[in-house]
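Shown next, in structure tokens, is the structure this report addresses.
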Amino acid sequence: VRAAAGARIGAHEWPLRLTPTVRAALTELAALYGVDTDLRNVDALLDKLGPAAGLVDATLRNSANPTMFDAGYKINVIPGEAVAHVDGRYLPGGEEEFRTTLDQLTGPDVDWEFHHREVALQAPVDSPTFAAMRAAVEEFAPEGHVVPYCMAGGTDAKQFSRLGITGYGFSPLKLPEGFDYHHMFHGVDERVPVEALHFGVRVLDRFLRTS
């Protein structure tokens with residue numbers, strides 16, 4: 001029963017949910033690549049964006065991926081209980097849908113609970129803070145294009161949100177063409193060029209002095 005519940009969770013196709021941040025990102029990217037911003041067919045739009053689609057594809061819908069399963073102690077004994085762990089992530093405003101869907105997928109014979117739960121955040125992209133970040137980047141990289149970004153991972157901004165603080169992730173780096181930083185996350189050789197950090201310091205200094 002529990003293995004079947006895990007299989008249902010892993011096979012579930014979550015519906016598309018465009019948050020304001022992701023909607024703004026798709027609009028900016030479509031303009032940058034000179035393609036129609038047809039948000040009625042996001043999959044077709046992503047195909048036209050090429051590698052840039054990687055900026056948004058993990059934040060288009062909730063997700064739940066079974067990653068651990070623990071059951072039994074002996075080959076010829078049917079386990080009396082089993083525990084599965086699922087890496088579940090919901091979009092801003094998507095927690096209720098996530099809970100309801102997990103209830104349906106696990107069924108009446110399986111109980112589930114959060115091992116770790118945090119609020120899913122988003123910050124407005126039409127704020128003076130975002131405008132100041134955009135201006136700081138464009139001053140030092142006028143050839144660049146600033147695109148709003150919704151991060152799929154964790155952030156300390158969740159802790160500050162409890163104090164009523166709206167947080168933005170802003171760690172500007174100017175990376176060489178072809179430097180695939182995203183695929184280096186949490187890797188053994190995770191790194192950035194020193195010049196990329198120098199650029200980031202200049203941009204952050206400008207942002208802090210003008211915001």
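Convention: chains lettered A, B, ... in structure tokens order; per-chain residue numbering from 1; ligands numbered from 1 as shown.
Contact shell of region 176-190 of chain A at 10 Å (only C-alpha atoms; same-chain neighbours under 5 positions omitted): Gly54, Leu55, Glu195 and Ala196 of chain A.
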Dump N, CA and C atoms for the selected residues as a compact mmCIF listing (two decimals), in the first residue's frame?
```txt
# COMPACT_ATOMS: atom_id res chain seq x y z
N GLY A 54 15.61 27.09 -18.45
CA GLY A 54 16.05 26.55 -17.17
C GLY A 54 15.88 27.52 -16.01
N LEU A 55 15.70 28.80 -16.31
CA LEU A 55 15.49 29.79 -15.25
C LEU A 55 14.11 29.65 -14.61
N GLU A 195 36.86 37.20 -10.93
CA GLU A 195 36.38 38.43 -11.56
C GLU A 195 34.87 38.57 -11.45
N ALA A 196 34.17 37.42 -11.43
CA ALA A 196 32.71 37.46 -11.27
C ALA A 196 32.34 38.03 -9.91
```
**Message:** Going by DSSP on the backbone, which residues of region 19-78 of chain A come out as strand (DSSP E)? List them as number ranges by chain.
**Reply:** A: 63-71
With C-alpha atoms kept, could you save the residues just selected as a PDB file, in the first residue's frame?
```pdb
ATOM      1  CA  SER A  63       6.521  19.075  -7.223  1.00  0.00           C
ATOM      2  CA  ALA A  64       6.847  15.910  -5.134  1.00  0.00           C
ATOM      3  CA  ASN A  65       9.629  13.381  -5.728  1.00  0.00           C
ATOM      4  CA  PRO A  66      10.014  10.253  -3.559  1.00  0.00           C
ATOM      5  CA  THR A  67      13.686  10.030  -2.599  1.00  0.00           C
ATOM      6  CA  MET A  68      13.905   7.571   0.335  1.00  0.00           C
ATOM      7  CA  PHE A  69      12.063   4.383   1.325  1.00  0.00           C
ATOM      8  CA  ASP A  70      12.584   2.343   4.466  1.00  0.00           C
ATOM      9  CA  ALA A  71      10.786  -0.957   5.115  1.00  0.00           C
TER      10      ALA A  71
END
```
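Relative to CA of Ile78 (chain A), CA of Ala4 (chain A) is found at 15.1 Å.
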**Message:** Taking the DSSP secondary structure from the backbone, can you list the residues of region 76-119 of chain A that are alpha helix (DSSP H), as an NGL selection string?
**Reply:** :A and (95-106)
Write the selection just made, keeping N, CA and C atoms, as a compact mmCIF listing (two decimals), in the first residue's frame?
```
# COMPACT_ATOMS: atom_id res chain seq x y z
N GLU A 95 0.38 25.91 -1.07
CA GLU A 95 0.43 24.90 -0.01
C GLU A 95 -0.87 24.12 0.13
N GLU A 96 -2.01 24.80 0.04
CA GLU A 96 -3.29 24.11 0.20
C GLU A 96 -3.48 23.06 -0.90
N GLU A 97 -3.16 23.43 -2.15
CA GLU A 97 -3.25 22.48 -3.25
C GLU A 97 -2.30 21.30 -3.01
N PHE A 98 -1.10 21.59 -2.51
CA PHE A 98 -0.13 20.53 -2.24
C PHE A 98 -0.67 19.55 -1.20
N ARG A 99 -1.20 20.07 -0.11
CA ARG A 99 -1.74 19.21 0.95
C ARG A 99 -2.90 18.35 0.43
N THR A 100 -3.83 18.99 -0.27
CA THR A 100 -5.00 18.27 -0.78
C THR A 100 -4.59 17.16 -1.74
N THR A 101 -3.65 17.47 -2.61
CA THR A 101 -3.19 16.48 -3.59
C THR A 101 -2.48 15.32 -2.91
N LEU A 102 -1.63 15.61 -1.92
CA LEU A 102 -0.95 14.53 -1.19
C LEU A 102 -1.94 13.64 -0.45
N ASP A 103 -2.99 14.25 0.10
CA ASP A 103 -4.05 13.45 0.75
C ASP A 103 -4.67 12.47 -0.25
N GLN A 104 -4.94 12.96 -1.45
CA GLN A 104 -5.56 12.12 -2.48
C GLN A 104 -4.60 11.03 -2.95
N LEU A 105 -3.34 11.37 -3.15
CA LEU A 105 -2.38 10.41 -3.68
C LEU A 105 -2.01 9.33 -2.66
N THR A 106 -1.93 9.68 -1.39
CA THR A 106 -1.56 8.69 -0.38
C THR A 106 -2.74 7.77 -0.05
```
**Prompt:** Leaving out Asp43 (chain A) and any residue of its chain fewer than 6 positions from it, which residues lie within 12 Å of it when counting only C-alpha atoms, given as a list in words?
**Reply:** Leu16, Leu26, Thr37, Leu49, Gly50, Ala53, Val56, Asp57 and Leu60 of chain A
Pro128 (chain A): which residues within 12 Å, counting only C-alpha atoms, same-chain residues fewer than 3 positions away excluded, as an mmCIF file with N, CA and C atoms, in the first residue's frame?
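Saved result, selection18.cif, follows:
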```
data_model
loop_
_atom_site.group_PDB
_atom_site.id
_atom_site.type_symbol
_atom_site.label_atom_id
_atom_site.label_comp_id
_atom_site.auth_asym_id
_atom_site.auth_seq_id
_atom_site.Cartn_x
_atom_site.Cartn_y
_atom_site.Cartn_z
ATOM 1 N N ALA A 123 8.334 38.144 -3.812
ATOM 2 C CA ALA A 123 8.426 39.589 -3.576
ATOM 3 C C ALA A 123 8.013 40.309 -4.860
ATOM 4 N N PRO A 124 7.414 41.491 -4.744
ATOM 5 C CA PRO A 124 6.947 42.202 -5.940
ATOM 6 C C PRO A 124 8.079 42.626 -6.856
ATOM 7 N N VAL A 125 7.859 42.509 -8.154
ATOM 8 C CA VAL A 125 8.897 42.894 -9.124
ATOM 9 C C VAL A 125 8.688 44.319 -9.630
ATOM 10 N N ALA A 131 13.688 47.871 -8.803
ATOM 11 C CA ALA A 131 14.150 48.861 -9.791
ATOM 12 C C ALA A 131 15.594 49.277 -9.509
ATOM 13 N N ALA A 132 15.956 49.420 -8.218
ATOM 14 C CA ALA A 132 17.325 49.800 -7.854
ATOM 15 C C ALA A 132 18.302 48.674 -8.185
ATOM 16 N N MET A 133 17.892 47.429 -7.987
ATOM 17 C CA MET A 133 18.752 46.297 -8.341
ATOM 18 C C MET A 133 18.971 46.257 -9.851
ATOM 19 N N ARG A 134 17.907 46.460 -10.596
ATOM 20 C CA ARG A 134 18.008 46.461 -12.061
ATOM 21 C C ARG A 134 18.969 47.566 -12.528
ATOM 22 N N ALA A 135 18.818 48.767 -11.961
ATOM 23 C CA ALA A 135 19.661 49.890 -12.374
ATOM 24 C C ALA A 135 21.133 49.630 -12.054
ATOM 25 N N TYR A 168 14.689 39.936 -1.031
ATOM 26 C CA TYR A 168 15.053 39.654 -2.420
ATOM 27 C C TYR A 168 16.416 38.943 -2.421
ATOM 28 N N PHE A 207 24.207 49.436 -5.613
ATOM 29 C CA PHE A 207 22.822 49.220 -5.161
ATOM 30 C C PHE A 207 22.611 49.765 -3.758
ATOM 31 N N THR A 210 22.519 53.601 -3.544
ATOM 32 C CA THR A 210 21.440 54.328 -4.221
ATOM 33 C C THR A 210 20.054 53.906 -3.769
ATOM 34 N N SER A 211 19.956 52.817 -3.025
ATOM 35 C CA SER A 211 18.613 52.353 -2.625
ATOM 36 C C SER A 211 18.209 52.912 -1.272
#
```
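Going from CA of Cys150 (chain A) to CA of Ala120 (chain A) covers 10.2 Å.
When only C-alpha atoms are used to measure the gap to Pro20 (chain A), the shortest distance among A:Gly93, A:Pro172, A:Gly154, A:Pro142 belongs to A:Gly93.
Going from CA of Lys74 (chain A) to CA of Val1 (chain A) covers 18.5 Å.
Among the candidates A:Gly164, A:Gly169, A:Pro92, A:Gly34, the one nearest to Gln122 (chain A) when counting only C-alpha atoms is A:Pro92.
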**Asked** So which residues touch Leu29 (chain A) within 8 Å, counting only C-alpha atoms, skipping near sequence neighbours fewer than 4 positions away, as number ranges by chain?
**Response** A: 25, 33, 49, 52, 147
Filtering to N, CA and C atoms, could you give me those residues as a tab-separated table (two decimals), in the first residue's frame?
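Final output, part05.tsv:
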```tsv
chain	number	residue	atom	x	y	z
A	25	ALA	N	8.92	36.78	-15.40
A	25	ALA	CA	10.14	36.23	-15.97
A	25	ALA	C	9.90	35.75	-17.40
A	33	TYR	N	14.15	37.22	-26.32
A	33	TYR	CA	14.39	36.28	-27.41
A	33	TYR	C	13.54	36.58	-28.65
A	49	LEU	N	12.69	29.29	-25.92
A	49	LEU	CA	13.63	30.02	-25.08
A	49	LEU	C	14.97	29.30	-24.94
A	52	ALA	N	17.58	29.24	-21.70
A	52	ALA	CA	17.00	30.20	-20.75
A	52	ALA	C	15.77	29.64	-20.06
A	147	VAL	N	16.16	39.87	-15.40
A	147	VAL	CA	14.95	39.05	-15.46
A	147	VAL	C	14.57	38.62	-14.05
```
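Distances to His198 (chain A) were evaluated for A:Asp47, A:Phe140, A:Gly153, A:Phe160 using only C-alpha atoms, and the minimum falls at A:Phe140.
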**Request:** Select, from A:Phe170, A:Ala3, A:Gln159, A:Ala152, the residue with the minimum atom-to-atom distance to Leu208 (chain A), counting only C-alpha atoms.
**Result:** A:Phe170
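Minimum distance to Arg89 (chain A) across A:Thr19, A:Asn76, A:Thr59, A:Ser171 (counting only C-alpha atoms) occurs at A:Thr59.
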